[in-house]
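This is my_file27.cif. It holds mmCIF, C-alpha atoms.
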```cif
data_start
#
loop_
_atom_site.label_atom_id
_atom_site.label_comp_id
_atom_site.auth_asym_id
_atom_site.auth_seq_id
_atom_site.Cartn_x
_atom_site.Cartn_y
_atom_site.Cartn_z
CA MET A 202 0.00 0.00 0.00
CA ASN A 203 1.21 3.49 -0.85
CA PRO A 204 2.39 5.24 2.37
CA LYS A 205 1.13 8.57 1.08
CA ARG A 206 -2.38 7.18 0.64
CA VAL A 207 -2.27 5.63 4.11
CA ALA A 208 -1.23 8.99 5.62
CA ILE A 209 -4.05 10.81 3.77
CA PHE A 210 -6.53 8.15 4.90
CA LEU A 211 -5.39 8.48 8.54
CA VAL A 212 -5.53 12.28 8.56
CA ALA A 213 -8.95 12.30 6.90
CA GLY A 214 -10.18 9.63 9.32
CA LEU A 215 -8.93 11.62 12.30
CA PHE A 216 -10.63 14.75 11.01
CA VAL A 217 -13.93 12.93 10.52
CA TYR A 218 -13.63 11.29 13.94
CA LEU A 219 -12.92 14.59 15.74
CA SER A 220 -15.77 16.30 13.90
CA LEU A 221 -18.16 13.52 14.91
CA TYR A 222 -16.88 13.56 18.49
CA THR A 223 -17.32 17.31 18.99
CA TRP A 224 -20.67 17.32 17.19
CA ASN A 225 -21.86 14.51 19.46
CA LEU A 226 -20.61 16.28 22.60
CA ARG A 227 -22.81 19.24 21.68
CA SER A 228 -25.83 17.39 20.34
CA GLY A 229 -25.63 13.99 22.07
CA HIS A 230 -27.28 12.28 19.07
CA LEU A 231 -24.76 9.43 18.78
CA THR A 232 -24.76 8.85 22.54
CA ARG A 233 -28.56 8.64 22.47
CA LEU A 234 -28.47 6.31 19.47
CA SER A 235 -26.02 3.96 21.19
CA THR A 236 -28.05 4.15 24.42
CA TYR A 237 -31.28 3.14 22.67
CA SER A 238 -29.58 0.38 20.67
CA GLY A 239 -26.64 -0.86 22.76
CA LEU A 240 -27.91 -0.32 26.31
CA ASP A 241 -31.33 -1.80 25.56
CA SER A 242 -29.86 -4.83 23.79
CA VAL A 243 -27.62 -5.44 26.82
CA GLY A 244 -30.74 -5.28 28.99
CA MET A 245 -32.51 -7.71 26.67
CA VAL A 246 -29.66 -10.20 27.02
CA LEU A 247 -29.27 -9.81 30.78
CA ARG A 248 -32.92 -9.87 31.85
CA PRO A 249 -33.65 -13.58 31.24
CA GLY A 250 -30.44 -14.61 33.01
CA LYS A 251 -31.15 -12.34 35.95
CA TRP A 252 -34.71 -13.69 36.14
CA LEU A 253 -33.43 -17.27 36.19
CA GLY A 254 -30.77 -16.34 38.75
CA GLY A 255 -33.39 -14.65 40.92
CA ARG A 256 -35.67 -17.71 40.73
CA ALA A 257 -32.81 -20.02 41.70
CA GLY A 258 -31.85 -17.68 44.56
CA ASP A 259 -35.46 -17.59 45.80
CA PHE A 260 -35.60 -21.38 45.68
CA VAL A 261 -32.45 -21.66 47.79
CA GLU A 262 -33.68 -19.07 50.27
CA ARG A 263 -37.12 -20.68 50.56
CA TYR A 264 -36.09 -24.28 51.01
CA VAL A 265 -32.59 -24.22 52.38
CA SER A 266 -32.60 -21.18 54.65
CA LEU A 267 -35.60 -22.27 56.72
CA VAL A 268 -33.36 -22.70 59.75
CA GLY A 269 -33.92 -19.95 62.26
CA LEU A 270 -37.12 -18.73 60.63
CA LYS A 271 -39.13 -18.85 63.88
CA GLN A 272 -36.59 -16.78 65.80
CA GLN A 273 -36.38 -14.34 62.92
CA ASN A 274 -40.17 -14.09 62.84
CA GLU A 275 -40.33 -13.26 66.55
CA ALA A 276 -37.62 -10.62 66.19
CA LEU A 277 -39.45 -9.09 63.24
CA GLU A 278 -42.76 -9.03 65.16
CA THR A 279 -41.09 -7.11 67.98
CA GLU A 280 -39.58 -4.71 65.45
CA VAL A 281 -42.94 -4.18 63.76
CA LYS A 282 -44.54 -3.32 67.12
CA ALA A 283 -41.79 -0.78 67.85
CA LEU A 284 -42.07 0.71 64.36
CA ARG A 285 -45.87 0.98 64.66
CA LEU A 286 -45.47 2.94 67.87
CA GLU A 287 -42.86 5.20 66.30
CA ASN A 288 -45.04 5.62 63.23
CA MET A 289 -47.99 6.70 65.35
CA THR A 290 -45.94 9.39 67.09
CA LEU A 291 -44.39 10.56 63.84
CA ARG A 292 -47.75 10.72 62.05
CA GLU A 293 -49.07 13.00 64.78
CA ARG A 294 -46.03 15.21 64.45
CA ALA A 295 -46.22 15.24 60.65
CA GLU A 296 -49.87 16.25 60.75
CA ALA A 297 -49.11 18.98 63.27
CA THR A 298 -46.25 20.24 61.05
CA GLY A 299 -48.58 20.21 58.05
CA ARG A 300 -51.12 22.31 59.93
CA VAL A 301 -48.44 24.82 61.01
CA GLU A 302 -47.09 25.04 57.44
CA LYS A 303 -50.62 25.69 56.17
CA LEU A 304 -51.15 28.39 58.80
CA LEU A 305 -47.90 30.06 57.81
CA GLY A 306 -48.77 29.82 54.13
CA PHE A 307 -45.96 27.44 53.08
CA PRO A 308 -46.39 26.22 49.49
CA GLU A 309 -46.88 22.49 48.86
CA PRO A 310 -43.65 20.73 47.83
CA PRO A 311 -43.64 18.91 44.47
CA GLU A 312 -44.99 15.37 44.60
CA TRP A 313 -42.84 12.33 43.80
CA LYS A 314 -43.95 8.92 42.57
CA ARG A 315 -42.02 5.79 43.52
CA GLU A 316 -41.35 2.88 41.21
CA GLY A 317 -39.38 -0.26 41.94
CA ALA A 318 -36.58 -1.42 39.64
CA ARG A 319 -34.26 -4.40 39.58
CA VAL A 320 -30.48 -4.06 39.36
CA ILE A 321 -29.44 -6.13 36.32
CA ALA A 322 -25.72 -5.34 36.26
CA HIS A 323 -23.01 -3.19 37.71
CA ARG A 324 -20.27 -1.73 35.47
CA VAL A 325 -20.40 -3.19 31.95
CA GLY A 326 -17.77 -3.09 29.21
CA PRO A 327 -14.34 -1.59 28.70
CA THR A 328 -15.53 2.04 28.91
CA ALA A 329 -17.12 1.62 32.32
CA ILE A 330 -14.86 3.97 34.26
CA LEU A 331 -17.80 5.57 36.05
CA GLU A 332 -19.35 4.02 39.16
CA THR A 333 -22.63 2.84 37.72
CA ILE A 334 -25.33 0.18 37.90
CA LEU A 335 -27.88 -0.87 35.27
CA VAL A 336 -31.57 -1.03 36.23
CA ASP A 337 -34.47 -2.52 34.30
CA ARG A 338 -36.50 0.66 33.93
CA GLY A 339 -36.22 3.19 31.14
CA ARG A 340 -38.07 5.92 29.31
CA LEU A 341 -41.00 3.63 28.58
CA SER A 342 -41.75 3.53 32.31
CA GLY A 343 -41.10 7.25 32.78
CA ALA A 344 -37.47 7.18 33.94
CA VAL A 345 -35.44 10.10 32.62
CA GLU A 346 -31.98 11.55 33.23
CA ASP A 347 -31.47 12.86 36.80
CA THR A 348 -34.26 10.73 38.25
CA PRO A 349 -33.23 10.08 41.89
CA VAL A 350 -32.58 6.42 42.74
CA LEU A 351 -32.94 5.12 46.30
CA SER A 352 -32.88 1.94 48.27
CA THR A 353 -34.58 1.32 51.59
CA GLU A 354 -31.34 2.41 53.32
CA GLY A 355 -30.85 5.69 51.50
CA VAL A 356 -29.80 7.46 48.32
CA VAL A 357 -28.12 5.30 45.65
CA GLY A 358 -27.57 7.93 42.95
CA ARG A 359 -29.36 9.32 39.92
CA ILE A 360 -30.10 8.16 36.40
CA TYR A 361 -27.26 9.10 34.12
CA ARG A 362 -28.50 7.62 30.84
CA ALA A 363 -32.01 6.39 30.16
CA GLY A 364 -32.62 3.85 27.42
CA LEU A 365 -36.07 2.65 26.42
CA SER A 366 -36.27 -0.16 28.98
CA VAL A 367 -32.88 0.00 30.74
CA SER A 368 -31.11 2.88 32.49
CA THR A 369 -27.62 3.54 33.77
CA VAL A 370 -27.52 4.90 37.31
CA LEU A 371 -24.60 7.06 38.38
CA LEU A 372 -23.81 6.06 41.97
CA LEU A 373 -23.22 8.58 44.73
CA THR A 374 -19.69 7.14 45.12
CA ASP A 375 -18.65 8.23 41.62
CA PRO A 376 -16.19 11.15 41.63
CA SER A 377 -18.59 13.19 39.49
CA GLY A 378 -21.44 12.63 41.98
CA ARG A 379 -22.54 15.67 44.03
CA ILE A 380 -25.43 15.78 46.49
CA ALA A 381 -26.45 18.79 48.57
CA VAL A 382 -26.99 17.64 52.15
CA VAL A 383 -27.70 18.83 55.69
CA GLY A 384 -27.01 17.11 59.00
CA ARG A 385 -30.22 15.49 60.28
CA ASP A 386 -29.70 16.66 63.87
CA ASN A 387 -27.62 19.84 63.68
CA ARG A 388 -28.67 21.02 60.17
CA ALA A 389 -25.13 21.88 59.02
CA ALA A 390 -25.19 22.23 55.23
CA GLY A 391 -22.62 20.78 52.83
CA VAL A 392 -22.13 18.95 49.55
CA VAL A 393 -21.32 15.23 49.41
CA TYR A 394 -18.66 14.31 46.82
CA GLY A 395 -18.04 10.75 45.68
CA MET A 396 -14.44 9.58 45.72
CA GLY A 397 -14.70 6.26 43.89
CA ALA A 398 -15.54 2.66 44.79
CA ASP A 399 -14.67 1.54 48.34
CA GLU A 400 -13.62 5.08 49.25
CA LYS A 401 -15.16 7.35 51.85
CA LEU A 402 -17.32 10.25 50.70
CA ILE A 403 -16.09 13.79 51.25
CA VAL A 404 -18.45 16.45 52.57
CA LYS A 405 -17.30 19.82 51.32
CA TYR A 406 -18.31 23.36 52.23
CA VAL A 407 -19.33 22.62 55.81
CA GLY A 408 -18.73 25.96 57.52
CA PHE A 409 -16.04 26.13 60.20
CA THR A 410 -18.52 27.33 62.80
CA SER A 411 -21.19 24.75 61.87
CA ASN A 412 -22.11 22.00 64.23
CA ILE A 413 -21.69 18.48 62.89
CA GLU A 414 -20.93 15.30 64.80
CA GLN A 415 -19.38 11.95 64.05
CA GLY A 416 -22.13 9.39 63.45
CA GLU A 417 -24.67 12.02 62.37
CA ILE A 418 -26.83 11.08 59.39
CA LEU A 419 -26.67 13.42 56.40
CA VAL A 420 -29.93 13.90 54.50
CA THR A 421 -30.60 15.60 51.18
CA SER A 422 -31.28 19.31 51.50
CA GLY A 423 -33.12 19.56 48.18
CA MET A 424 -30.91 22.50 47.19
CA ASP A 425 -29.41 20.73 44.16
CA GLY A 426 -32.76 20.47 42.40
CA VAL A 427 -32.29 16.74 41.77
CA TYR A 428 -33.17 15.02 45.05
CA PRO A 429 -36.19 15.82 47.22
CA LYS A 430 -35.52 17.03 50.73
CA GLY A 431 -34.94 14.64 53.63
CA LEU A 432 -33.58 11.45 52.05
CA PRO A 433 -30.79 9.79 54.06
CA VAL A 434 -27.47 9.82 52.17
CA ALA A 435 -24.50 9.04 54.40
CA ARG A 436 -23.19 8.76 57.95
CA VAL A 437 -20.43 11.10 59.14
CA THR A 438 -17.29 9.13 60.01
CA ARG A 439 -14.77 11.91 60.63
CA VAL A 440 -14.90 15.59 61.47
CA LYS A 441 -11.70 17.60 61.55
CA ARG A 442 -11.36 21.29 62.27
CA GLU A 443 -8.20 22.93 61.01
CA GLU A 444 -7.22 26.47 61.93
CA GLY A 445 -6.93 28.96 59.10
CA THR A 446 -9.57 27.38 56.86
CA LEU A 447 -13.13 28.40 56.14
CA PHE A 448 -14.52 24.87 56.02
CA MET A 449 -14.28 21.69 58.05
CA ASP A 450 -12.73 18.48 56.79
CA VAL A 451 -15.62 16.00 56.92
CA GLN A 452 -15.73 12.39 55.73
CA ALA A 453 -18.77 10.14 55.48
CA GLU A 454 -19.75 6.66 54.38
CA PRO A 455 -22.75 5.80 52.20
CA LEU A 456 -25.70 4.20 53.99
CA VAL A 457 -26.29 1.90 51.04
CA ASP A 458 -24.32 -1.30 50.59
CA ILE A 459 -23.79 -0.83 46.86
CA PRO A 460 -22.23 -4.19 45.88
CA ARG A 461 -25.25 -5.98 47.40
CA LEU A 462 -27.93 -3.85 45.79
CA GLU A 463 -30.61 -5.94 44.10
CA GLU A 464 -33.66 -3.69 44.00
CA VAL A 465 -33.94 0.08 43.97
CA LEU A 466 -36.66 2.72 43.89
CA LEU A 467 -36.90 5.41 41.24
CA LEU A 468 -38.39 8.70 42.40
CA LYS A 469 -40.26 10.33 39.57
CA ARG A 470 -41.56 13.86 39.74
CA ALA A 471 -45.26 14.27 39.25
CA ALA A 472 -44.48 17.64 37.66
CA LYS A 473 -41.46 18.60 35.56
CA PRO A 474 -38.72 20.63 37.31
CA GLU A 475 -39.59 23.85 35.44
CA ASP A 476 -43.26 23.40 36.36
CA THR A 477 -42.46 23.08 40.04
CA ARG A 478 -41.50 26.74 40.12
CA ASP A 479 -45.18 27.49 39.74
CA LEU A 480 -45.86 25.43 42.84
CA TRP A 481 -43.47 27.54 44.87
CA GLU A 482 -44.77 30.91 43.70
CA MET B 254 -27.45 -18.69 8.75
CA LEU B 255 -24.93 -20.66 10.78
CA ALA B 256 -22.66 -17.62 10.85
CA ALA B 257 -25.51 -15.43 12.14
CA ILE B 258 -26.33 -17.95 14.90
CA TRP B 259 -22.67 -18.32 15.84
CA TRP B 260 -22.06 -14.56 16.05
CA THR B 261 -25.29 -14.01 18.02
CA ILE B 262 -24.22 -16.61 20.59
CA PHE B 263 -20.72 -15.09 20.65
CA THR B 264 -22.15 -11.60 21.27
CA VAL B 265 -24.53 -12.81 24.00
CA CYS B 266 -21.67 -14.66 25.73
CA GLY B 267 -19.52 -11.53 25.30
CA ILE B 268 -22.14 -9.36 27.02
CA TRP B 269 -22.33 -11.77 29.97
CA GLY B 270 -18.53 -11.88 30.08
CA GLN B 271 -18.38 -8.10 30.23
CA VAL B 272 -20.92 -8.04 33.03
CA LEU B 273 -18.93 -10.58 35.04
CA VAL B 274 -15.52 -9.02 34.30
CA PRO B 275 -16.08 -5.26 33.97
CA GLY B 276 -13.48 -3.23 32.10
CA VAL B 277 -12.58 -5.99 29.62
CA ASP B 278 -13.69 -6.22 25.98
CA PHE B 279 -14.86 -9.74 25.21
CA PHE B 280 -15.70 -8.95 21.57
CA ALA B 281 -12.13 -8.14 20.48
CA PRO B 282 -11.16 -11.78 19.73
CA GLY B 283 -14.29 -11.98 17.58
CA MET B 284 -12.91 -9.28 15.32
CA ALA B 285 -9.66 -11.21 14.82
CA ILE B 286 -11.64 -14.34 13.90
CA SER B 287 -14.07 -12.48 11.67
CA LEU B 288 -11.28 -10.66 9.80
CA ARG B 289 -9.54 -13.95 9.18
CA TRP B 290 -12.44 -16.18 8.21
CA GLN B 291 -15.36 -13.99 7.17
CA LYS B 292 -16.15 -11.47 4.44
CA PRO B 293 -15.19 -7.84 5.27
CA VAL B 294 -18.86 -6.83 5.31
CA VAL B 295 -19.51 -9.27 8.19
CA THR B 296 -16.69 -7.70 10.19
CA VAL B 297 -18.09 -4.22 9.53
CA ILE B 298 -21.59 -5.25 10.70
CA LEU B 299 -20.20 -6.97 13.80
CA ALA B 300 -18.00 -3.97 14.61
CA LEU B 301 -21.03 -1.64 14.36
CA VAL B 302 -23.07 -3.85 16.70
CA TRP B 303 -20.21 -4.11 19.20
CA VAL B 304 -19.50 -0.37 19.09
CA ALA B 305 -23.20 0.30 19.84
CA ILE B 306 -23.10 -2.14 22.78
CA GLN B 307 -19.86 -0.77 24.23
CA GLU B 308 -20.91 2.84 23.86
CA GLY B 309 -24.46 2.29 25.09
CA ALA B 310 -23.57 0.28 28.17
CA GLY B 311 -20.39 2.22 29.00
CA GLY B 312 -20.11 5.45 30.89
CA LEU B 313 -18.23 7.70 28.47
CA ALA B 314 -19.53 9.86 25.65
CA PHE B 315 -19.62 8.26 22.20
CA GLY B 316 -16.15 7.84 20.68
CA TYR B 317 -14.11 5.22 22.52
CA GLY B 318 -15.58 2.24 20.62
CA ILE B 319 -14.66 3.60 17.18
CA LEU B 320 -11.06 4.28 18.22
CA TRP B 321 -10.80 0.92 20.01
CA TYR B 322 -11.99 -1.24 17.13
CA PHE B 323 -10.04 0.83 14.60
CA THR B 324 -6.88 0.27 16.67
CA LEU B 325 -7.64 -3.44 16.78
CA PHE B 326 -8.26 -3.51 13.03
CA ALA B 327 -5.00 -1.63 12.35
CA LEU B 328 -3.00 -3.93 14.65
CA LEU B 329 -4.50 -7.04 13.07
CA THR B 330 -3.86 -5.79 9.53
CA LEU B 331 -0.28 -4.75 10.32
CA GLY B 332 0.36 -7.96 12.22
CA ARG B 333 -0.88 -10.10 9.35
CA TRP B 334 1.91 -8.75 7.13
CA LEU B 335 4.59 -9.64 9.62
CA LEU B 336 3.34 -12.69 11.54
CA ASP B 337 1.02 -15.65 11.25
CA PRO B 338 -2.47 -14.50 12.40
CA GLY B 339 -3.33 -18.07 13.40
CA SER B 340 -0.52 -18.38 15.93
CA PHE B 341 -1.12 -18.05 19.65
CA GLN B 342 2.12 -16.06 20.03
CA PHE B 343 0.85 -13.39 17.64
CA GLN B 344 -2.44 -13.16 19.53
CA ALA B 345 -0.63 -12.95 22.88
CA LEU B 346 1.46 -10.10 21.49
CA LEU B 347 -1.71 -8.46 20.25
CA GLY B 348 -3.22 -8.86 23.73
CA LEU B 349 -0.28 -6.93 25.15
CA ALA B 350 -0.74 -4.18 22.56
CA LEU B 351 -4.48 -4.06 23.31
CA GLY B 352 -3.85 -3.77 27.04
CA SER B 353 -1.67 -0.71 26.41
CA ALA B 354 -4.10 0.73 23.85
CA HIS B 355 -6.97 0.31 26.32
CA PHE B 356 -5.10 2.39 28.90
CA LEU B 357 -4.14 5.14 26.45
CA LEU B 358 -7.58 5.41 24.88
CA LEU B 359 -9.41 5.44 28.21
CA TYR B 360 -7.04 8.09 29.54
CA LEU B 361 -7.54 10.18 26.40
CA MET B 362 -11.34 9.93 26.62
CA ALA B 363 -11.36 10.67 30.36
CA VAL B 364 -9.23 13.78 29.79
CA LEU B 365 -11.44 14.94 26.90
CA GLU B 366 -14.54 14.55 29.08
CA VAL B 367 -12.84 15.95 32.20
CA ARG B 368 -13.60 12.78 34.16
CA ALA B 369 -11.76 11.33 37.15
CA PHE B 370 -9.44 8.52 36.06
CA PRO B 371 -9.28 5.56 38.48
CA LEU B 372 -5.65 4.71 37.68
CA LYS B 373 -5.21 1.54 39.76
CA ARG B 374 -8.43 -0.02 38.57
CA VAL B 375 -7.79 0.81 34.91
CA LEU B 376 -4.26 -0.64 35.14
CA PHE B 377 -5.68 -3.84 36.60
CA GLU B 378 -8.29 -4.01 33.85
CA CYS B 379 -5.59 -3.47 31.19
CA LEU B 380 -3.71 -6.40 32.67
CA LEU B 381 -6.91 -8.47 32.56
CA GLN B 382 -7.46 -7.44 28.93
CA THR B 383 -3.90 -8.50 28.07
CA ILE B 384 -4.37 -11.89 29.70
CA THR B 385 -7.92 -12.64 28.61
CA TYR B 386 -7.59 -11.63 24.95
CA PRO B 387 -5.37 -14.54 23.77
CA ILE B 388 -7.28 -17.05 25.92
CA LEU B 389 -10.63 -15.92 24.53
CA TRP B 390 -9.23 -15.86 21.00
CA TYR B 391 -7.91 -19.42 21.38
CA THR B 392 -11.25 -20.66 22.76
CA ALA B 393 -13.40 -18.88 20.19
CA ASN B 394 -11.09 -19.80 17.30
CA ASN B 395 -11.32 -23.48 18.23
CA LEU B 396 -15.09 -23.28 18.62
CA PHE B 397 -15.56 -21.45 15.31
CA PRO B 398 -17.28 -23.94 12.95
CA ASP B 399 -15.01 -25.48 10.33
CA ARG B 400 -17.85 -25.32 7.83
CA LEU B 401 -17.76 -21.54 7.97
CA LYS B 402 -13.98 -21.50 7.69
CA ARG B 403 -13.93 -23.81 4.70
CA HIS B 404 -16.72 -21.87 3.03
CA GLU B 405 -14.85 -18.58 3.45
CA GLU B 406 -11.53 -20.07 2.36
CA SER B 407 -13.03 -21.56 -0.79
CA SER B 408 -14.77 -18.31 -1.66
#
```
Target format structure tokens, applied to this file:
Amino acid sequence: MNPKRVAIFLVAGLFVYLSLYTWNLRSGHLTRLSTYSGLDSVGMVLRPGKWLGGRAGDFVERYVSLVGLKQQNEALETEVKALRLENMTLRERAEATGRVEKLLGFPEPPEWKREGARVIAHRVGPTAILETILVDRGRLSGAVEDTPVLSTEGVVGRIYRAGLSVSTVLLLTDPSGRIAVVGRDNRAAGVVYGMGADEKLIVKYVGFTSNIEQGEILVTSGMDGVYPKGLPVARVTRVKREEGTLFMDVQAEPLVDIPRLEEVLLLKRAAKPEDTRDLWE
Amino acid sequence: MLAAIWWTIFTVCGIWGQVLVPGVDFFAPGMAISLRWQKPVVTVILALVWVAIQEGAGGLAFGYGILWYFTLFALLTLGRWLLDPGSFQFQALLGLALGSAHFLLLYLMAVLEVRAFPLKRVLFECLLQTITYPILWYTANNLFPDRLKRHEESS
């Protein structure tokens, strides 16, 4: 082959590639195309296997793990009683708070709908450098980008890419993950930053004079416009005050055990974000 | 028909492989086999399907897959001039080159997208890619139906 022709081919190819790349960064058309084709076909392949795996797991749990079921049942009954009592007290308080908010003329917060989803995979493929999971819900069931994803323990992350029937969830541990939080007890505000898998979370911008304690639960503040207020995110593991700085050095750990996640909840807004402004006016 | 069934099974197994071993491309050996035994148009179709899967399921913006499979194509074409494409040694050498290419391309894409680059994990995955590529190629090459090989050779 003529070296000159090869060089021309390579330069032309590079030019075309860079043009496509920059055009896609602006428009996102190719990313969307690959999401609808590639991501959904991956979901199509994984779903039957996951279903079979789930069935086999259920079988094992049902017939092999019967040992200790009675003791577990008694413990659960006691827990249910305690939770019922707590629920009663909290319901009274919630109703009282609602009445006060109404008296003071507080606007109603936007409503959220919950929908369950199954985790079908964690990171997939050679380009999976982000901390992600794949769930079996997509645009067809109303999941869109930035939909908050939770488990019963707390915040898992948000939808990063939504295919038709499968979505990629960006976990809160990913270095590009940011969640606005406040301390549940002392109400110190900050922003939780992911630092990668198996790493502690960093809570930035917690004021030097703020009050925050080790072991305190951080909940979403709702200030980022993605997550509703009050969802548990992380537990503070270290608080360090250094002289000469404006902010404290705070570390936290996620409440969710990410490697063991099997089911999650998607929180879908009843109204679109831009519409919610009307609710607050 | 047999080719379509074989490549569908290969792709499905590849997807499961990529779920079980994240960070490794299980389709790459398929390209080496397809280039050797199949018509160019088959390789182009397979590459398009695999690019869509890698880009759709991965976390980066569209672009890595094209560069990755082009690099593989270039290495295979260059290698065929110099060495025997059917030898395990050549494929092991290619695995080493792919491991390095995987690191460089991922780093390039992460920088272009201003993403954090998990160095240790990527290095480990490059090592896995280097090791798994020749093994997967050997397995898939031996499982590739002779009927398809003979048919392609005769044509």
**Message:** With the PyMOL selection byres ((chain B) within 6 of (chain A)) as the selection, what would be picked from this file? Answer as number ranges by chain, please.
**Reply:** B: 271-272, 275-278, 305-312, 315
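Every residue that the PyMOL selection byres ((chain B and resi 364-370) around 8) selects in this file is listed here: Ile330, Pro376 and Ser377 of chain A; Leu313, Ala314, Tyr360, Leu361, Met362, Ala363, Pro371, Leu372 and Val375 of chain B.
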Write the residues of the selection above to a file with C-alpha atoms, as a PDB file, in the coordinates of the input.
```pdb
ATOM      1  CA  ILE A 330     -14.860   3.970  34.260  1.00  0.00           C
ATOM      2  CA  PRO A 376     -16.190  11.150  41.630  1.00  0.00           C
ATOM      3  CA  SER A 377     -18.590  13.190  39.490  1.00  0.00           C
TER       4      SER A 377
ATOM      5  CA  LEU B 313     -18.230   7.700  28.470  1.00  0.00           C
ATOM      6  CA  ALA B 314     -19.530   9.860  25.650  1.00  0.00           C
ATOM      7  CA  TYR B 360      -7.040   8.090  29.540  1.00  0.00           C
ATOM      8  CA  LEU B 361      -7.540  10.180  26.400  1.00  0.00           C
ATOM      9  CA  MET B 362     -11.340   9.930  26.620  1.00  0.00           C
ATOM     10  CA  ALA B 363     -11.360  10.670  30.360  1.00  0.00           C
ATOM     11  CA  PRO B 371      -9.280   5.560  38.480  1.00  0.00           C
ATOM     12  CA  LEU B 372      -5.650   4.710  37.680  1.00  0.00           C
ATOM     13  CA  VAL B 375      -7.790   0.810  34.910  1.00  0.00           C
TER      14      VAL B 375
END
```
**Prompt:** For the atom pair CA of Leu432 in chain A and CA of Gly317 in chain A, what is the interatomic distance in Å to one decimal place?
**Reply:**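 Spanning CA of Leu432 in chain A to CA of Gly317 in chain A is a straight-line distance of 16.5 Å.
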Residues matched by the PyMOL selection byres ((chain A and resi 454-457) around 10), written as a PDB file with C-alpha atoms, in the coordinates of the input:
```pdb
ATOM      1  CA  LEU A 351     -32.940   5.120  46.300  1.00  0.00           C
ATOM      2  CA  SER A 352     -32.880   1.940  48.270  1.00  0.00           C
ATOM      3  CA  THR A 353     -34.580   1.320  51.590  1.00  0.00           C
ATOM      4  CA  GLU A 354     -31.340   2.410  53.320  1.00  0.00           C
ATOM      5  CA  GLY A 355     -30.850   5.690  51.500  1.00  0.00           C
ATOM      6  CA  VAL A 356     -29.800   7.460  48.320  1.00  0.00           C
ATOM      7  CA  VAL A 357     -28.120   5.300  45.650  1.00  0.00           C
ATOM      8  CA  LEU A 373     -23.220   8.580  44.730  1.00  0.00           C
ATOM      9  CA  THR A 374     -19.690   7.140  45.120  1.00  0.00           C
ATOM     10  CA  VAL A 393     -21.320  15.230  49.410  1.00  0.00           C
ATOM     11  CA  GLY A 395     -18.040  10.750  45.680  1.00  0.00           C
ATOM     12  CA  ASP A 399     -14.670   1.540  48.340  1.00  0.00           C
ATOM     13  CA  GLU A 400     -13.620   5.080  49.250  1.00  0.00           C
ATOM     14  CA  LYS A 401     -15.160   7.350  51.850  1.00  0.00           C
ATOM     15  CA  LEU A 402     -17.320  10.250  50.700  1.00  0.00           C
ATOM     16  CA  ILE A 403     -16.090  13.790  51.250  1.00  0.00           C
ATOM     17  CA  GLY A 416     -22.130   9.390  63.450  1.00  0.00           C
ATOM     18  CA  ILE A 418     -26.830  11.080  59.390  1.00  0.00           C
ATOM     19  CA  LEU A 419     -26.670  13.420  56.400  1.00  0.00           C
ATOM     20  CA  PRO A 433     -30.790   9.790  54.060  1.00  0.00           C
ATOM     21  CA  VAL A 434     -27.470   9.820  52.170  1.00  0.00           C
ATOM     22  CA  ALA A 435     -24.500   9.040  54.400  1.00  0.00           C
ATOM     23  CA  ARG A 436     -23.190   8.760  57.950  1.00  0.00           C
ATOM     24  CA  VAL A 437     -20.430  11.100  59.140  1.00  0.00           C
ATOM     25  CA  THR A 438     -17.290   9.130  60.010  1.00  0.00           C
ATOM     26  CA  ARG A 439     -14.770  11.910  60.630  1.00  0.00           C
ATOM     27  CA  GLN A 452     -15.730  12.390  55.730  1.00  0.00           C
ATOM     28  CA  ALA A 453     -18.770  10.140  55.480  1.00  0.00           C
ATOM     29  CA  ASP A 458     -24.320  -1.300  50.590  1.00  0.00           C
ATOM     30  CA  ILE A 459     -23.790  -0.830  46.860  1.00  0.00           C
ATOM     31  CA  PRO A 460     -22.230  -4.190  45.880  1.00  0.00           C
ATOM     32  CA  ARG A 461     -25.250  -5.980  47.400  1.00  0.00           C
ATOM     33  CA  LEU A 462     -27.930  -3.850  45.790  1.00  0.00           C
TER      34      LEU A 462
END
```
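The neighbours of Phe326 in chain B here are the residues that come within 9 Å of it, using all atoms listed in the file and leaving out any residue fewer than 4 positions away in the same chain; they are B:Met284, B:Ala285, B:Leu288, B:Trp321, B:Tyr322, B:Thr330, B:Leu331.
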**Request:** Name the residues within 9 Å of (-6.1, -8.2, 18.2), counting only C-alpha atoms in the file's coordinates, and put them as a count of residues only.
**Result:** 22
**Atom pair CA of Ala389 in chain A / CA of Glu417 in chain A: separation (Å)** =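 Answer for the CA of Ala389 in chain A to CA of Glu417 in chain A separation: 10.4 Å.
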**Message:** List the spatial neighbours of Ala381 in chain A as an MDAnalysis selection string - criterion: any atom at most 10 Å away, all atoms listed in the file, same-chain residues fewer than 2 positions off excluded.
**Reply:** chainID A and resid 379 383 390:394 404:405 419:428 430 434
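Closest approach to Thr392 in chain B from the set B:Gly283, B:Trp260, B:Leu349, B:Leu336 is made by B:Gly283, with distances taken over only C-alpha atoms.
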Box dimensions and centre (Å, one decimal) enclosing range 302-316 of chain B, axis-aligned, 8 Å extra per side, as JSON:
```
{"center_x": -20.3, "center_y": 2.9, "center_z": 23.8, "size_x": 24.3, "size_y": 30.0, "size_z": 30.2}
```
